[in-house]
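Visitor: Data: start_32.cif, mmCIF, C-alpha atoms.
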data_final
loop_
_atom_site.label_atom_id
_atom_site.label_comp_id
_atom_site.auth_asym_id
_atom_site.auth_seq_id
_atom_site.Cartn_x
_atom_site.Cartn_y
_atom_site.Cartn_z
CA MET A 211 86.33 103.27 73.33
CA LYS A 212 88.92 104.65 70.93
CA TYR A 213 92.43 103.26 70.59
CA GLU A 214 93.70 106.84 70.62
CA HIS A 215 92.29 107.30 74.14
CA ILE A 216 94.27 104.28 75.33
CA LEU A 217 97.44 105.67 73.80
CA GLU A 218 96.80 109.04 75.42
CA ALA A 219 96.47 107.45 78.87
CA VAL A 220 99.61 105.36 78.26
CA SER A 221 101.54 108.47 77.23
CA PHE A 222 100.41 110.27 80.39
CA LEU A 223 101.50 107.37 82.63
CA LYS A 224 104.89 107.08 80.92
CA GLY A 225 105.36 110.80 81.42
CA SER A 226 104.56 110.31 85.10
CA GLY A 227 107.33 107.73 85.52
CA ILE A 228 105.44 104.50 84.88
CA ASP A 229 107.13 102.59 82.08
CA GLN A 230 107.55 98.94 81.03
CA PRO A 231 105.98 97.25 84.08
CA ASP A 232 106.31 93.45 84.24
CA ILE A 233 103.18 92.49 86.18
CA GLY A 234 99.84 94.21 86.69
CA LEU A 235 97.66 93.70 89.76
CA ILE A 236 94.05 94.59 90.48
CA LEU A 237 93.17 94.68 94.17
CA GLY A 238 89.54 94.06 95.13
CA THR A 239 87.42 95.02 98.13
CA GLY A 240 89.49 95.17 101.32
CA LEU A 241 92.46 93.44 99.66
CA ASP A 242 95.10 96.13 99.93
CA LYS A 243 97.80 94.36 101.97
CA LEU A 244 100.24 93.89 99.10
CA ALA A 245 100.26 97.62 98.43
CA GLU A 246 101.69 98.12 101.91
CA ILE A 247 104.83 96.06 101.28
CA MET A 248 105.64 97.07 97.69
CA HIS A 249 108.39 99.64 97.24
CA LYS A 250 106.32 102.51 95.88
CA GLU A 251 107.81 104.96 93.39
CA VAL A 252 104.72 106.58 91.88
CA GLU A 253 101.08 106.88 92.98
CA ILE A 254 98.50 108.58 90.78
CA SER A 255 94.82 109.14 91.52
CA TYR A 256 92.50 107.63 88.94
CA THR A 257 90.88 111.01 88.49
CA ASP A 258 94.20 112.40 87.19
CA ILE A 259 94.60 109.76 84.47
CA PRO A 260 92.99 110.55 81.10
CA TYR A 261 89.70 108.65 80.58
CA PHE A 262 89.88 106.82 83.92
CA VAL A 263 86.80 107.25 86.10
CA GLU A 264 86.43 107.57 89.87
CA THR A 265 85.85 104.56 92.09
CA THR A 266 82.87 105.12 94.37
CA VAL A 267 83.01 101.94 96.45
CA GLU A 268 84.11 101.73 100.08
CA ALA A 269 87.54 100.08 100.51
CA HIS A 270 88.57 100.81 96.91
CA LYS A 271 91.37 103.37 97.19
CA GLY A 272 91.13 104.66 93.64
CA SER A 273 94.79 105.06 92.72
CA LEU A 274 97.43 103.50 90.51
CA LEU A 275 100.73 102.47 92.13
CA PHE A 276 104.02 101.80 90.40
CA GLY A 277 107.14 100.40 92.02
CA THR A 278 109.37 97.39 92.43
CA HIS A 279 108.89 94.18 94.34
CA HIS A 280 111.44 91.35 94.34
CA GLY A 281 113.17 93.04 91.43
CA LYS A 282 110.02 93.10 89.28
CA LYS A 283 108.34 96.27 88.06
CA ILE A 284 104.77 96.24 89.34
CA VAL A 285 101.81 98.44 88.44
CA MET A 286 98.91 98.04 90.84
CA MET A 287 95.31 99.16 90.75
CA ARG A 288 94.08 99.94 94.26
CA GLY A 289 90.42 99.37 93.51
CA ARG A 290 88.40 98.72 90.37
CA PHE A 291 85.24 99.90 88.64
CA HIS A 292 81.89 98.09 88.58
CA LEU A 293 78.82 98.01 86.40
CA TYR A 294 76.61 98.82 89.41
CA GLU A 295 78.42 102.14 89.87
CA GLY A 296 76.80 103.23 86.65
CA TYR A 297 79.87 102.78 84.48
CA SER A 298 79.93 101.21 81.02
CA PHE A 299 81.88 98.09 80.13
CA ASP A 300 84.33 100.31 78.23
CA GLN A 301 84.98 102.38 81.37
CA ILE A 302 85.31 99.28 83.58
CA THR A 303 87.87 97.60 81.33
CA PHE A 304 89.75 100.67 80.07
CA PRO A 305 92.50 100.35 82.73
CA VAL A 306 93.29 96.76 81.70
CA ARG A 307 93.67 97.89 78.10
CA VAL A 308 95.99 100.66 79.23
CA LEU A 309 98.13 98.36 81.39
CA LYS A 310 98.60 95.91 78.52
CA VAL A 311 99.68 98.62 76.08
CA LEU A 312 101.88 100.05 78.85
CA GLY A 313 103.78 96.76 78.81
CA ILE A 314 102.57 94.27 81.43
CA LYS A 315 103.13 90.61 80.55
CA GLN A 316 100.82 89.11 83.19
CA LEU A 317 97.79 90.23 85.18
CA LEU A 318 97.05 89.12 88.76
CA VAL A 319 93.55 89.92 90.01
CA SER A 320 91.82 89.62 93.37
CA ASN A 321 88.21 90.04 94.43
CA ALA A 322 85.83 89.42 97.30
CA SER A 323 83.07 86.91 96.71
CA GLY A 324 80.25 84.96 98.29
CA ALA A 325 80.62 81.20 98.66
CA LEU A 326 78.00 79.09 96.89
CA ASN A 327 80.04 75.93 97.39
CA PRO A 328 79.27 74.58 100.89
CA SER A 329 82.85 73.30 101.20
CA TYR A 330 84.19 76.85 101.47
CA SER A 331 84.58 78.83 104.70
CA LEU A 332 84.91 82.51 105.44
CA SER A 333 88.26 84.04 104.36
CA ASP A 334 89.11 81.02 102.20
CA LEU A 335 91.00 81.60 98.94
CA VAL A 336 89.53 80.34 95.67
CA LEU A 337 91.59 80.20 92.48
CA LEU A 338 89.28 80.79 89.54
CA ASP A 339 89.32 78.11 86.87
CA ASP A 340 86.32 79.32 84.86
CA HIS A 341 83.41 81.73 85.01
CA ILE A 342 79.78 82.30 84.03
CA ASN A 343 78.91 85.79 82.83
CA PHE A 344 75.49 86.84 84.13
CA LEU A 345 76.22 90.52 83.54
CA PRO A 346 73.95 92.18 80.98
CA GLY A 347 76.49 92.43 78.20
CA ASN A 348 80.05 91.85 77.05
CA PRO A 349 82.90 94.40 77.03
CA LEU A 350 83.79 93.43 73.45
CA THR A 351 80.40 94.48 72.07
CA GLY A 352 80.71 97.18 69.44
CA ARG A 353 83.39 97.89 66.87
CA ASN A 354 86.45 95.72 67.44
CA ILE A 355 89.79 97.42 68.12
CA HIS A 356 91.96 95.30 65.84
CA GLU A 357 95.18 96.74 67.27
CA LEU A 358 94.31 94.96 70.54
CA GLY A 359 92.87 91.63 69.46
CA PRO A 360 90.60 89.58 67.17
CA ARG A 361 86.87 90.03 66.66
CA PHE A 362 86.04 86.61 68.16
CA PRO A 363 88.57 85.72 70.90
CA ASP A 364 88.70 82.19 72.26
CA LEU A 365 87.68 81.71 75.92
CA SER A 366 88.23 77.97 76.29
CA GLN A 367 90.81 78.71 79.01
CA PRO A 368 90.09 82.21 80.29
CA TYR A 369 92.37 81.77 83.33
CA ASP A 370 95.95 81.05 82.35
CA PRO A 371 96.80 77.42 83.17
CA VAL A 372 100.52 78.12 83.64
CA MET A 373 99.86 80.90 86.14
CA ASN A 374 97.25 78.79 87.94
CA LYS A 375 99.63 75.84 88.20
CA GLN A 376 102.30 78.06 89.72
CA LEU A 377 99.86 79.58 92.22
CA LYS A 378 98.68 76.12 93.30
CA GLN A 379 102.24 74.92 93.81
CA LEU A 380 103.16 78.03 95.80
CA ALA A 381 100.04 77.75 97.97
CA GLU A 382 101.02 74.21 98.86
CA THR A 383 104.56 75.33 99.70
CA LEU A 384 103.20 78.13 101.91
CA ASP A 385 100.66 75.78 103.55
CA ILE A 386 97.78 77.97 102.31
CA ALA A 387 94.54 76.23 101.40
CA LEU A 388 93.69 77.24 97.83
CA PHE A 389 90.47 75.89 96.37
CA GLU A 390 89.63 75.94 92.66
CA GLY A 391 86.25 77.06 91.47
CA VAL A 392 83.90 78.71 88.99
CA TYR A 393 82.97 82.38 89.44
CA ALA A 394 79.55 83.78 88.61
CA ALA A 395 79.45 87.49 87.74
CA TRP A 396 76.24 89.11 89.03
CA THR A 397 75.17 92.68 88.44
CA GLY A 398 74.54 93.93 92.01
CA PRO A 399 74.70 96.11 93.99
CA SER A 400 71.95 94.32 95.92
CA LEU A 401 73.00 90.93 97.20
CA GLU A 402 71.31 87.88 95.74
CA THR A 403 68.09 86.32 97.01
CA ARG A 404 67.82 82.77 98.30
CA ALA A 405 66.30 81.65 95.01
CA GLU A 406 69.10 83.32 93.05
CA TYR A 407 71.74 81.57 95.17
CA ARG A 408 70.08 78.23 94.42
CA PHE A 409 69.98 79.10 90.72
CA LEU A 410 73.65 80.07 90.64
CA ARG A 411 74.74 76.93 92.45
CA ASN A 412 72.64 74.76 90.11
CA ALA A 413 74.26 76.58 87.18
CA GLY A 414 77.66 75.31 88.33
CA ALA A 415 79.12 78.31 90.14
CA ASP A 416 81.21 77.99 93.31
CA VAL A 417 81.47 81.70 94.15
CA VAL A 418 79.58 84.81 93.11
CA GLY A 419 80.66 88.42 92.85
CA MET A 420 80.04 91.68 91.02
CA SER A 421 83.28 92.22 89.11
CA THR A 422 86.26 90.59 87.41
CA VAL A 423 84.70 88.88 84.38
CA PRO A 424 84.78 92.00 82.14
CA GLU A 425 88.48 92.49 82.90
CA VAL A 426 89.21 88.82 82.24
CA ILE A 427 87.41 88.92 78.89
CA VAL A 428 89.40 91.91 77.64
CA ALA A 429 92.64 90.39 78.94
CA ASN A 430 91.94 87.30 76.85
CA HIS A 431 91.07 89.48 73.88
CA MET A 432 94.57 91.01 74.12
CA LYS A 433 96.23 87.62 74.81
CA LEU A 434 97.27 88.86 78.24
CA PRO A 435 97.71 85.93 80.67
CA VAL A 436 95.50 86.45 83.71
CA ALA A 437 94.95 84.66 87.04
CA VAL A 438 92.36 85.50 89.68
CA VAL A 439 92.17 84.61 93.36
CA SER A 440 88.90 85.29 95.16
CA VAL A 441 88.53 85.75 98.93
CA VAL A 442 85.33 84.37 100.46
CA THR A 443 83.69 87.13 102.50
CA ASP A 444 80.21 85.66 103.01
CA LEU A 445 78.44 82.31 102.90
CA CYS A 446 75.55 82.00 100.46
CA ASP A 447 73.62 79.09 101.93
CA PRO A 448 70.01 79.73 100.90
CA ASP A 449 68.69 77.51 103.70
CA ASN A 450 70.62 79.37 106.41
CA LEU A 451 70.99 82.84 104.97
CA GLN A 452 71.92 85.62 107.38
CA PRO A 453 71.79 89.40 106.80
CA LEU A 454 75.15 90.83 105.72
CA THR A 455 76.84 94.19 106.28
CA ILE A 456 79.80 95.79 104.50
CA GLU A 457 81.67 95.74 107.82
CA GLN A 458 81.44 91.94 107.88
CA VAL A 459 82.62 91.73 104.28
CA LEU A 460 85.63 93.92 105.02
CA HIS A 461 86.47 91.94 108.16
CA HIS A 462 86.66 88.64 106.30
CA ALA A 463 88.38 90.27 103.31
CA ASN A 464 91.06 91.59 105.65
CA LYS A 465 91.63 88.13 107.15
CA GLY A 466 91.83 86.52 103.73
CA SER A 467 94.07 89.26 102.35
CA ARG A 468 96.86 88.24 104.72
CA LYS A 469 97.03 84.85 103.02
CA LEU A 470 96.49 86.36 99.60
CA SER A 471 99.30 88.86 100.12
CA ARG A 472 101.72 86.05 101.04
CA LEU A 473 100.68 84.07 97.96
CA PHE A 474 100.97 86.97 95.50
CA ASP A 475 104.23 88.08 97.14
CA LYS A 476 105.73 84.63 96.60
CA TYR A 477 104.39 84.49 93.04
CA ILE A 478 106.08 87.77 92.17
CA GLN A 479 109.30 86.63 93.82
CA THR A 480 109.43 83.36 91.87
CA ALA A 481 108.13 84.67 88.54
CA PRO A 482 110.72 84.29 85.78
CA GLU A 483 112.08 87.29 83.96
CA LEU A 484 109.22 88.55 81.83
#
Please render this file's structure as structure tokens.

Guide:
Amino acid sequence: MKYEHILEAVSFLKGSGIDQPDIGLILGTGLDKLAEIMHKEVEISYTDIPYFVETTVEAHKGSLLFGTHHGKKIVMMRGRFHLYEGYSFDQITFPVRVLKVLGIKQLLVSNASGALNPSYSLSDLVLLDDHINFLPGNPLTGRNIHELGPRFPDLSQPYDPVMNKQLKQLAETLDIALFEGVYAAWTGPSLETRAEYRFLRNAGADVVGMSTVPEVIVANHMKLPVAVVSVVTDLCDPDNLQPLTIEQVLHHANKGSRKLSRLFDKYIQTAPEL
């Protein structure tokens, strides 16, 4: 990745009417409800943005939205990129780099995940407190872009504690159950085996998915505060494992997204001037 490529994409987006957004959002599988209520001013296909790639996953719209919500300027990714699509870590995380240089002060992320913790139920919301990176690499490998951040960024608190505290308080106010947990990033696209689920649970993970961690790492590299809420779309009990279809995942993602949309909506409404 070259810093000049980031600047080129930023220049294109500014020329398209996207400028100085306050908050960035990344919407995961089936989690598109918030896009329906935001006042949209601009929508651009990923394929039109310099150096963005095309999302190939069902339920990932593949476009960038810009508009206002509760008086805040919001830029929203309707879908993300994954390692299992054949993309590099640079390609997966390029949009987060662009959004930061474009001006966002905070990043809200959602994803769909499988529950390793037996206390979780389908469509539950889990606020990520930490993660374990089982992906085969790190998006910061290679020559460091010093304009964006240091060679060795600290990850002692990868999920912003101030944002997490606010989300927990708002969830309580809205009477939404919001668990806290550790996310394991797995390569995919095949789902895990029973033995792998046992391994992940023994490693200390509460949920598992195939995204998010690369974006969180680069956000921390750029000192961009980030919070992630995961929606449980399947139960990963190795002793009672049932076959899973994408239709089931989308069904439970849709149910959870109603709660998630209310939570993110309230967060944006109550966020201070950034």

Visitor: Of the candidates A:Ala481, A:Arg472, A:His431, A:Tyr369, which one gets nearest to Asp232 of chain A if we count all atoms listed in the file?

Guide: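 Ranked by minimum distance to Asp232 of chain A, first place goes to A:Ala481.
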
Visitor: Output as CSV one row per residue of segment 259-373 of chain A within 10 Å of segment 434-449 of chain A: the closest atom pair and its distance in Å to one decimal place, counting all atoms listed in the file, sorted by chain and residue number ascending.

Guide:
residue,atom,partner,partner_atom,distance
A:Val306,CA,A:Leu434,CA,9.5
A:Arg307,CA,A:Leu434,CA,9.7
A:Lys310,CA,A:Leu434,CA,7.2
A:Ile314,CA,A:Leu434,CA,8.2
A:Lys315,CA,A:Leu434,CA,6.5
A:Gln316,CA,A:Pro435,CA,5.1
A:Leu317,CA,A:Val436,CA,4.7
A:Leu318,CA,A:Ala437,CA,5.2
A:Val319,CA,A:Val438,CA,4.6
A:Ser320,CA,A:Val439,CA,5.0
A:Asn321,CA,A:Ser440,CA,4.9
A:Ala322,CA,A:Val441,CA,4.8
A:Ser323,CA,A:Val442,CA,5.1
A:Gly324,CA,A:Asp444,CA,4.8
A:Ala325,CA,A:Leu445,CA,4.9
A:Leu326,CA,A:Cys446,CA,5.2
A:Asn327,CA,A:Cys446,CA,8.2
A:Pro328,CA,A:Asp447,CA,7.3
A:Tyr330,CA,A:Val442,CA,7.7
A:Ser331,CA,A:Val442,CA,7.0
A:Leu332,CA,A:Val442,CA,5.3
A:Ser333,CA,A:Val442,CA,4.9
A:Asp334,CA,A:Val442,CA,5.3
A:Leu335,CA,A:Val441,CA,4.8
A:Val336,CA,A:Ser440,CA,5.0
A:Leu337,CA,A:Val439,CA,4.5
A:Leu338,CA,A:Val438,CA,5.6
A:Asp339,CA,A:Val438,CA,8.5
A:Asp340,CA,A:Val438,CA,9.9
A:Pro368,CA,A:Val436,CA,7.7
A:Tyr369,CA,A:Ala437,CA,5.4
A:Asp370,CA,A:Pro435,CA,5.5
A:Pro371,CA,A:Ala437,CA,8.4
A:Val372,CA,A:Pro435,CA,8.8
A:Met373,CA,A:Ala437,CA,6.2

Visitor: Give as a PyMOL selection string the residues that the PyMOL selection byres ((chain A and resi 354) around 12) matches when applied to the coordinates above.

Guide: chain A and resi 211-213+300+349-353+355-363+428+431-432

Visitor: Check the smallest atom-to-atom distance from each of A:Glu295, A:Glu246, A:Glu253, A:Asp475 to Leu384 of chain A using only C-alpha atoms, then report the winner.

Guide: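 Residue with the minimum atom-to-atom distance to Leu384 of chain A: A:Asp475.
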
Visitor: Pick the closest to Ser467 of chain A from A:Asp242, A:Asp229, A:Glu218, A:Asp385: which is it, counting only C-alpha atoms?

Guide: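 Going through A:Asp242, A:Asp229, A:Glu218, A:Asp385 one by one, the smallest distance to Ser467 of chain A is for A:Asp242.
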